[in-house]
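All remarks here apply to the structure that follows.
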2 protein chains.
Amino acid sequence: MNDVRMRGFKARTEVSRFQAVVRERTRRLEAETVALEQAGGRVLADAVLSAVDVPAFPRSAMDGYALLAEETYGADTYNPLAFNVIGEVTPGRRFEGRVGPGQTVRIMTGAPLPDGADAVLMAEYTAEHDGVMTATASVTPAKHVGRIGEDIRAGAPVLPAGRRLRPQDLGVLASIGQATVKVVRRPAVSLLITGNELLKPGEAPRGAMIVDSNSLMLRELAIRDGGRVAEVRHLRDERLLLREALLHAPGDLVAITGGSSVGVEDHAPTLVAEEGELLVHGVAMRPSAPTGFGWVRGRPVFLLPGNPVSCLAAYEFFVGLALRRMAGLAESWPYRLARVPLRERIASQIGRVDYARVRLVEGQASLISTSGASILSSTTAADGFVVVDQDSEGMPAGQTVDVWLYD
Amino acid sequence: MNDVRMRGFKARTEVSRFQAVVRERTRRLEAETVALEQAGGRVLADAVLSAVDVPAFPRSAMDGYALLAEETYGADTYNPLAFNVIGEVTPGRRFEGRVGPGQTVRIMTGAPLPDGADAVLMAEYTAEHDGVMTATASVTPAKHVGRIGEDIRAGAPVLPAGRRLRPQDLGVLASIGQATVKVVRRPAVSLLITGNELLKPGEAPRGAMIVDSNSLMLRELAIRDGGRVAEVRHLRDERLLLREALLHAPGDLVAITGGSSVGVEDHAPTLVAEEGELLVHGVAMRPSAPTGFGWVRGRPVFLLPGNPVSCLAAYEFFVGLALRRMAGLAESWPYRLARVPLRERIASQIGRVDYARVRLVEGQASLISTSGASILSSTTAADGFVVVDQDSEGMPAGQTVDVWLYD
């Protein structure tokens with residue numbers, strides 16, 4: 001690709017074609033082993049089978065009395081039956097003796113069922129005085145007894161590969177005796193933030209300088225999509241600086257913000273083309289037209305516009321897709337959808353995708369009018385966004401649309 | 001409250017009444033100041049107003065040429081107009097001179113508009129040779145110029161109190177020069193895990209011992225609901241040990257698992273009654289009947305069943321509510337809803353709430369049959385749960401129900 005600076009994009013890639021290129025070039029990362037305490041929200045690399053039965057012994061599901069069920073037949077409040085209480089068994093211990101005819105053992109929920117007993121009579125249907133329990137109800141064999149492997153059988157599949165681990169999944173993994181689990185490694189992202197006009201977050205804007213808002217935003221988005229940030233560098237718009245940073249950035253994916261268009265200071269596209277492959281440059285969408293994607297030294301490199309709304313939209317359509325694929329997550333946006341009518345018409349053009357910020361007002365989606373690509377506050381004032389498809393010229397007021405909700 | 005052990009619950013509190021007690025006793029925690037990098041997902045304590053205009057200067061929204069708009073009138077491809085290029089201005093610098101009649105300054109997106117210019121002509125409609133730019137289109141005043149305060153005006157509200165900070169919110173806070181932000185402090189939770197039968201997570205089950213699955217699960221749930229875990233202690237079922245742990249636990253909220261029912265080893269309810277107030281003990285729900293709530297030394301104390309499904313459901317109905325209120329989050333469950341028909345009837349009783357785990361099968365909600373309170377794998381095999389209201393005797397097959405999705 002030749003120098004395109006100051007001459008505009010010759011042709012813009014369709015959003016769907018760009019996404020297809022991202023899919024072709026990205027795949028799930030390899031597995032790593034982490035402690036269970038660190039595994040919440042991570043993605044299982046392989047299916048998990050249990051090596052053990054849970055429980056490994058028959059256990060009581062109630063507080064009550066362990067006994068032989070057939071000895072309780074006929075017991076009711078008019079005909080209480082008496083049993084000699086020969087002991088007690090609590091969770092974590094085994095009862096050393098055996099329950100014989102006319103005998104019972106006081107038992108707590110979770111305790112192993114003593115030998116000789118085959119059922120548990122709930123405490124509510126009993127009374128105990130001077131070592132004698134009187135039963136006022138009968139039970140059938142196996143009543144209130146959890147059998148071996150009732151929860152999990154040895155050899156059985158416990159969790160499928162690809163599962164994003166839920167709180168209760170960690171509990172199950174602990175209960176089968178796992179201390180660690182194999183999960184998909186989180187993609188590490190290098191953020192190269194370019195622009196002579198940029199101050200670092202935490203500084204106060206002054207003179208012709210503004211504060212970089214993209215790095216904090218991209219860091220949070222990357223974490224949301226299963227990634228982590230390996231390094232953030234703020235760079236002046238100097239070709240050699242950017243080249244060094246690009247070639248030596250740590251991590252699995254590089255995102256460069258700023259300098260992604262066709263101006264004289266836009267070094268990123270030509271650098272990517274020189275040092276590797278520039279696969280896409282210029283997208284048929286609004287905002288975010290000056291977005292690019294390439295491949296340098298075996299890694300994906302995204303060129304993101306410096307304008308913060310464009311940067312956000314370009315992340316959402318392309319970088320997030322790559323990260324979720326690498327992290328083993330579902331490709332779809334992690335936003336809830338609302339289906340509501342449009343309050344005002346949205347204008348677009350055939351062949352172009354629009355990312356339109358909307359507010360929900362009285363159950364309708366209302367377009368945010370200050371919609372310039374540099375107006376980040378349009379995305380904080382918005383409740384979500386509507387995507388206008390490339391085959392659409394826009395959508396009339398009243399049409400029901402899908403709103404992707406930021407919260 | 002007297003000793004209730006081994007005599008069953010006299011009366012069970014309705015779920016809605018229990019939740020009302022939790023609401024009466026919990027409120028949003030105070031604010032703390034954190035660095036922006038740590039603020040993602042945190043809840044804003046106060047509304048944020050901007051102290052500055054963003055941008056603080058008029059800036060170009062395009063790559064092109066800064067000039068006086070009226071000098072371009074009449075320019076088109078048949079009538080190109082010439083301007084002397086007297087310099088260039090890039091982002092982060094001011095142009096030192098002034099644009100006079102017949103003059104222009106090359107300008108990049110984001111750069112301050114030079115004095116004397118009032119518009120930007122896009123590079124696409126220009127050509128430049130030997131210091132002369134020829135314009136083939138006209139522009140109107142203010143075209144492609146972002147005015148002072150266009151994004152954010154000094155003094156204007158930027159984000160409302162109570163907002164859970166989004167990625168782009170951090171960008172906006174950075175852009176107005178904030179290095180820190182005041183957010184609601186995260187409630188710190190002490191987990192007291194009781195049971196002689198319990199091994200710690202990471203150990204292998206052996207003999208009559210099983211591995212605690214609740215602590216890892218509760219930790220993840222607490223983090224999800226805006227909290228953090230201050231301490232996890234595994235305790236034997238000894239009254240004095242539990243008393244000491246209860247009185248000296250760090251944090252804003254204590255959750256005790258196990259020993260919450262009416263057995264002889266169930267010390268927690270009587271301890272809470274002795275050392276503070278036992279406000280609720282015994283709930284009209286299945287599972288999780290042996291759940292309690294009290295107040296000891298100025299802090300909420302939850303008594304959760306040791307059975308993992310009961311523990312999960314009790315967390316979801318009561319502890320999560322308390323934590324989300326303390327963290328300043330919305331009270332509602334952070335789960336997506338699906339509305340689907342029931343594949344099989346769910347049985348219940350009037351006066352009791354049921355937490356029924358279901359799988360989604362061919363677009364229907366199918367009840368998981370191994371529904372015992374000790375079967376944690378029922379919650380990992382499930383896609384979500386259905387709540388059977390206390391006014392319902394159950395729900396017939398075919399009825400459309402709300403399924404709260406775990407993922």
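Every chain in the structure tokens takes a letter, A first, then B, and so on in the order presented; its residues are numbered from 1, and the ligands are numbered from 1 following the presented order.
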I'd like the neighbourhood of stretch 212-223 of chain B as an MDAnalysis selection string, where a residue qualifies if any of its atoms comes within 6 Å (using only C-alpha atoms), though same-chain residues fewer than 2 positions away should be ignored. (chainID A and resid 167:168 171 174:175) or (chainID B and resid 198:201 225:228)
Interface rows for chain A against chain B: nearest pair, Å to one decimal, 7 Å, only C-alpha atoms, as JSON lines:
{"residue": "A:Met6", "atom": "CA", "partner": "B:Ala123", "partner_atom": "CA", "distance": 6.2}
{"residue": "A:Arg7", "atom": "CA", "partner": "B:Glu124", "partner_atom": "CA", "distance": 6.3}
{"residue": "A:Gly8", "atom": "CA", "partner": "B:Glu124", "partner_atom": "CA", "distance": 6.1}
{"residue": "A:Glu37", "atom": "CA", "partner": "B:Leu216", "partner_atom": "CA", "distance": 6.6}
{"residue": "A:Gly40", "atom": "CA", "partner": "B:Glu220", "partner_atom": "CA", "distance": 6.4}
{"residue": "A:Phe57", "atom": "CA", "partner": "B:Ala208", "partner_atom": "CA", "distance": 6.9}
{"residue": "A:Asp63", "atom": "CA", "partner": "B:Gly263", "partner_atom": "CA", "distance": 6.2}
{"residue": "A:Pro91", "atom": "CA", "partner": "B:Glu197", "partner_atom": "CA", "distance": 4.9}
{"residue": "A:Gly92", "atom": "CA", "partner": "B:Glu197", "partner_atom": "CA", "distance": 3.4}
{"residue": "A:Arg93", "atom": "CA", "partner": "B:Ala208", "partner_atom": "CA", "distance": 5.7}
{"residue": "A:Arg94", "atom": "CA", "partner": "B:Ala208", "partner_atom": "CA", "distance": 6.4}
{"residue": "A:Met108", "atom": "CA", "partner": "B:Gly263", "partner_atom": "CA", "distance": 6.9}
{"residue": "A:Pro112", "atom": "CA", "partner": "B:Ala208", "partner_atom": "CA", "distance": 6.5}
{"residue": "A:Ala123", "atom": "CA", "partner": "B:Met6", "partner_atom": "CA", "distance": 6.2}
{"residue": "A:Glu124", "atom": "CA", "partner": "B:Gly8", "partner_atom": "CA", "distance": 6.0}
{"residue": "A:Asp151", "atom": "CA", "partner": "B:Ile375", "partner_atom": "CA", "distance": 4.8}
{"residue": "A:Ile152", "atom": "CA", "partner": "B:Ser377", "partner_atom": "CA", "distance": 6.9}
{"residue": "A:Pro167", "atom": "CA", "partner": "B:Met217", "partner_atom": "CA", "distance": 4.4}
{"residue": "A:Gln168", "atom": "CA", "partner": "B:Met217", "partner_atom": "CA", "distance": 5.2}
{"residue": "A:Asp169", "atom": "CA", "partner": "B:Thr380", "partner_atom": "CA", "distance": 6.0}
{"residue": "A:Leu170", "atom": "CA", "partner": "B:Met217", "partner_atom": "CA", "distance": 6.1}
{"residue": "A:Gly171", "atom": "CA", "partner": "B:Ser213", "partner_atom": "CA", "distance": 3.9}
{"residue": "A:Val172", "atom": "CA", "partner": "B:Ser213", "partner_atom": "CA", "distance": 6.4}
{"residue": "A:Ala174", "atom": "CA", "partner": "B:Pro201", "partner_atom": "CA", "distance": 5.1}
{"residue": "A:Ser175", "atom": "CA", "partner": "B:Val211", "partner_atom": "CA", "distance": 4.9}
{"residue": "A:Gly177", "atom": "CA", "partner": "B:Ala204", "partner_atom": "CA", "distance": 4.2}
{"residue": "A:Gln178", "atom": "CA", "partner": "B:Gly202", "partner_atom": "CA", "distance": 5.6}
{"residue": "A:Ala179", "atom": "CA", "partner": "B:Gly202", "partner_atom": "CA", "distance": 3.8}
{"residue": "A:Asn196", "atom": "CA", "partner": "B:Gly92", "partner_atom": "CA", "distance": 5.3}
{"residue": "A:Glu197", "atom": "CA", "partner": "B:Gly92", "partner_atom": "CA", "distance": 3.4}
{"residue": "A:Pro201", "atom": "CA", "partner": "B:Ala174", "partner_atom": "CA", "distance": 5.1}
{"residue": "A:Gly202", "atom": "CA", "partner": "B:Ala179", "partner_atom": "CA", "distance": 3.8}
{"residue": "A:Glu203", "atom": "CA", "partner": "B:Gly177", "partner_atom": "CA", "distance": 5.6}
{"residue": "A:Ala204", "atom": "CA", "partner": "B:Gly177", "partner_atom": "CA", "distance": 4.2}
{"residue": "A:Pro205", "atom": "CA", "partner": "B:Gly177", "partner_atom": "CA", "distance": 6.0}
{"residue": "A:Ala208", "atom": "CA", "partner": "B:Gly92", "partner_atom": "CA", "distance": 4.9}
{"residue": "A:Met209", "atom": "CA", "partner": "B:Gly92", "partner_atom": "CA", "distance": 5.0}
{"residue": "A:Ile210", "atom": "CA", "partner": "B:Ser175", "partner_atom": "CA", "distance": 6.9}
{"residue": "A:Val211", "atom": "CA", "partner": "B:Ser175", "partner_atom": "CA", "distance": 4.9}
{"residue": "A:Asp212", "atom": "CA", "partner": "B:Ser175", "partner_atom": "CA", "distance": 6.5}
{"residue": "A:Ser213", "atom": "CA", "partner": "B:Gly171", "partner_atom": "CA", "distance": 3.9}
{"residue": "A:Asn214", "atom": "CA", "partner": "B:Gly171", "partner_atom": "CA", "distance": 6.0}
{"residue": "A:Leu216", "atom": "CA", "partner": "B:Gly171", "partner_atom": "CA", "distance": 5.9}
{"residue": "A:Met217", "atom": "CA", "partner": "B:Pro167", "partner_atom": "CA", "distance": 4.4}
{"residue": "A:Glu220", "atom": "CA", "partner": "B:Pro167", "partner_atom": "CA", "distance": 5.2}
{"residue": "A:Leu221", "atom": "CA", "partner": "B:Pro167", "partner_atom": "CA", "distance": 6.1}
{"residue": "A:Gly263", "atom": "CA", "partner": "B:Asp63", "partner_atom": "CA", "distance": 6.2}
{"residue": "A:Ile375", "atom": "CA", "partner": "B:Asp151", "partner_atom": "CA", "distance": 4.9}
{"residue": "A:Leu376", "atom": "CA", "partner": "B:Val172", "partner_atom": "CA", "distance": 6.6}
{"residue": "A:Ser377", "atom": "CA", "partner": "B:Asp151", "partner_atom": "CA", "distance": 6.1}
{"residue": "A:Thr379", "atom": "CA", "partner": "B:Gln168", "partner_atom": "CA", "distance": 6.9}
{"residue": "A:Thr380", "atom": "CA", "partner": "B:Asp169", "partner_atom": "CA", "distance": 6.0}
Those residues with N, CA and C atoms, as a short mmCIF file (atom, residue, chain, number, x, y, z; two decimals), in the first residue's frame please?
data_model
loop_
_atom_site.label_atom_id
_atom_site.label_comp_id
_atom_site.auth_asym_id
_atom_site.auth_seq_id
_atom_site.Cartn_x
_atom_site.Cartn_y
_atom_site.Cartn_z
N MET A 6 -3.06 12.69 3.22
CA MET A 6 -3.64 13.92 2.65
C MET A 6 -4.38 13.68 1.34
N ARG A 7 -4.67 12.45 0.99
CA ARG A 7 -5.43 12.23 -0.23
C ARG A 7 -6.76 11.52 0.01
N GLY A 8 -7.10 11.28 1.27
CA GLY A 8 -8.37 10.64 1.55
C GLY A 8 -8.30 9.14 1.29
N GLU A 37 -9.30 -19.35 43.41
CA GLU A 37 -9.66 -18.01 43.89
C GLU A 37 -9.52 -16.96 42.79
N GLY A 40 -12.72 -16.78 38.93
CA GLY A 40 -14.06 -16.25 38.69
C GLY A 40 -14.11 -15.47 37.39
N PHE A 57 -19.85 -40.63 50.74
CA PHE A 57 -20.50 -41.51 51.73
C PHE A 57 -21.98 -41.15 51.75
N ASP A 63 -31.66 -32.83 60.02
CA ASP A 63 -31.41 -33.11 61.43
C ASP A 63 -32.50 -34.08 61.90
N PRO A 91 -21.59 -34.01 61.50
CA PRO A 91 -20.82 -33.95 60.25
C PRO A 91 -19.32 -34.03 60.51
N GLY A 92 -18.64 -34.74 59.59
CA GLY A 92 -17.19 -34.84 59.70
C GLY A 92 -16.72 -36.06 60.47
N ARG A 93 -17.64 -36.78 61.13
CA ARG A 93 -17.28 -37.99 61.89
C ARG A 93 -18.05 -39.17 61.35
N ARG A 94 -17.53 -40.35 61.62
CA ARG A 94 -18.32 -41.55 61.37
C ARG A 94 -18.76 -42.12 62.72
N MET A 108 -27.10 -35.29 62.48
CA MET A 108 -27.23 -33.91 62.00
C MET A 108 -27.10 -33.90 60.48
N PRO A 112 -22.44 -38.60 58.11
CA PRO A 112 -22.53 -39.91 57.45
C PRO A 112 -23.58 -40.78 58.13
N ALA A 123 -36.30 -34.48 62.93
CA ALA A 123 -36.42 -34.13 64.35
C ALA A 123 -37.85 -33.67 64.70
N GLU A 124 -38.51 -33.01 63.74
CA GLU A 124 -39.86 -32.49 64.00
C GLU A 124 -40.86 -33.59 64.40
N ASP A 151 -24.52 -35.86 44.29
CA ASP A 151 -24.27 -34.54 43.70
C ASP A 151 -23.44 -34.71 42.43
N ILE A 152 -22.31 -35.37 42.54
CA ILE A 152 -21.41 -35.56 41.40
C ILE A 152 -20.85 -36.98 41.44
N PRO A 167 -19.98 -18.07 39.93
CA PRO A 167 -19.66 -18.27 41.36
C PRO A 167 -19.86 -19.72 41.80
N GLN A 168 -20.99 -20.31 41.43
CA GLN A 168 -21.26 -21.68 41.89
C GLN A 168 -20.35 -22.71 41.21
N ASP A 169 -19.83 -22.38 40.04
CA ASP A 169 -18.90 -23.30 39.38
C ASP A 169 -17.62 -23.43 40.21
N LEU A 170 -17.18 -22.33 40.79
CA LEU A 170 -15.99 -22.41 41.65
C LEU A 170 -16.26 -23.30 42.85
N GLY A 171 -17.48 -23.22 43.38
CA GLY A 171 -17.86 -24.09 44.48
C GLY A 171 -17.79 -25.56 44.08
N VAL A 172 -18.32 -25.87 42.91
CA VAL A 172 -18.30 -27.25 42.44
C VAL A 172 -16.86 -27.73 42.23
N ALA A 174 -14.21 -26.69 43.75
CA ALA A 174 -13.64 -26.93 45.08
C ALA A 174 -14.13 -28.27 45.64
N SER A 175 -15.42 -28.55 45.47
CA SER A 175 -15.99 -29.73 46.10
C SER A 175 -15.44 -31.03 45.51
N GLY A 177 -12.35 -31.31 44.79
CA GLY A 177 -10.97 -31.38 45.26
C GLY A 177 -9.97 -30.66 44.39
N GLN A 178 -10.44 -29.85 43.45
CA GLN A 178 -9.50 -29.11 42.62
C GLN A 178 -9.00 -27.86 43.35
N ALA A 179 -7.71 -27.63 43.26
CA ALA A 179 -7.14 -26.40 43.83
C ALA A 179 -6.88 -25.38 42.73
N ASN A 196 0.65 14.75 19.88
CA ASN A 196 1.43 15.81 20.54
C ASN A 196 0.56 16.67 21.45
N GLU A 197 -0.77 16.62 21.21
CA GLU A 197 -1.66 17.48 21.97
C GLU A 197 -2.12 16.82 23.27
N PRO A 201 -3.75 11.02 31.53
CA PRO A 201 -4.85 11.10 32.50
C PRO A 201 -4.30 11.49 33.86
N GLY A 202 -5.03 12.37 34.54
CA GLY A 202 -4.59 12.86 35.83
C GLY A 202 -4.00 14.26 35.74
N GLU A 203 -3.59 14.66 34.51
CA GLU A 203 -3.11 16.03 34.34
C GLU A 203 -4.29 16.95 34.04
N ALA A 204 -4.08 18.26 34.25
CA ALA A 204 -5.13 19.24 33.96
C ALA A 204 -4.92 19.81 32.57
N PRO A 205 -6.00 19.93 31.79
CA PRO A 205 -5.85 20.48 30.44
C PRO A 205 -5.30 21.90 30.49
N ALA A 208 -3.06 24.56 24.38
CA ALA A 208 -3.62 23.82 23.25
C ALA A 208 -3.63 22.31 23.51
N MET A 209 -3.38 21.94 24.78
CA MET A 209 -3.27 20.53 25.13
C MET A 209 -4.59 20.03 25.73
N ILE A 210 -4.93 18.81 25.41
CA ILE A 210 -6.11 18.16 26.00
C ILE A 210 -5.65 16.86 26.66
N VAL A 211 -6.51 16.32 27.52
CA VAL A 211 -6.14 15.11 28.26
C VAL A 211 -6.59 13.88 27.48
N ASP A 212 -5.71 12.92 27.34
CA ASP A 212 -6.06 11.64 26.72
C ASP A 212 -7.18 10.97 27.49
N SER A 213 -8.29 10.71 26.81
CA SER A 213 -9.40 10.01 27.46
C SER A 213 -9.51 8.57 26.98
N ASN A 214 -8.76 8.24 25.94
CA ASN A 214 -8.93 6.91 25.34
C ASN A 214 -8.28 5.79 26.14
N LEU A 216 -7.83 5.20 29.39
CA LEU A 216 -8.63 4.66 30.50
C LEU A 216 -9.85 3.92 29.98
N MET A 217 -10.47 4.49 28.96
CA MET A 217 -11.65 3.85 28.39
C MET A 217 -11.31 2.49 27.78
N GLU A 220 -10.61 -0.29 30.40
CA GLU A 220 -11.81 -0.88 30.99
C GLU A 220 -12.53 -1.79 30.00
N LEU A 221 -12.58 -1.36 28.75
CA LEU A 221 -13.24 -2.18 27.73
C LEU A 221 -12.50 -3.51 27.54
N GLY A 263 -3.75 12.07 7.25
CA GLY A 263 -3.05 13.35 7.38
C GLY A 263 -1.54 13.16 7.37
N ILE A 375 -17.09 14.27 20.57
CA ILE A 375 -17.91 14.61 21.73
C ILE A 375 -18.12 13.38 22.60
N LEU A 376 -17.13 13.10 23.44
CA LEU A 376 -17.23 11.90 24.28
C LEU A 376 -18.43 11.98 25.21
N SER A 377 -18.78 13.21 25.62
CA SER A 377 -19.92 13.33 26.53
C SER A 377 -21.21 12.83 25.90
N THR A 379 -21.52 10.00 24.67
CA THR A 379 -21.63 8.59 25.07
C THR A 379 -21.86 8.44 26.56
N THR A 380 -21.63 9.51 27.32
CA THR A 380 -21.95 9.41 28.75
C THR A 380 -23.37 9.90 29.00
#
Residues near B:Pro269, anyone? I mean within 7 Å using only C-alpha atoms, not counting same-chain ones fewer than 3 positions away, as a count of residues only. 4
Best match for closeness to A:Asp115 among A:Met133, A:Arg42, A:Ile256, A:Val89, counting only C-alpha atoms: A:Val89
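Across the structure, atom CA of A:Pro305 and atom CA of A:Asp252 are spaced 20.4 Å apart.
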Give the strand (DSSP E or B) residues of stretch 41-215 of chain B, as DSSP finds them on the backbone, and put them as a ChimeraX atom specification. /B:43-44,48-49,54,59-60,64-67,76,79,81-89,98,103-107,112,115,119-122,126-129,132-135,145-146,152,157-159,164,180-184,188-194,198-199,206,209-211
List the spatial neighbours of A:Phe317 as a PDB file with C-alpha atoms, in the first residue's frame - criterion: any atom at most 9 Å away, only C-alpha atoms, same-chain residues fewer than 5 positions off excluded.
ATOM      1  CA  VAL A  15     -17.898  -3.293   8.462  1.00  0.00           C
ATOM      2  CA  GLN A  19     -15.108  -8.211  10.965  1.00  0.00           C
ATOM      3  CA  LEU A 312     -15.080   3.799  21.282  1.00  0.00           C
ATOM      4  CA  TRP A 333     -21.674  -7.585  22.514  1.00  0.00           C
TER       5      TRP A 333
END
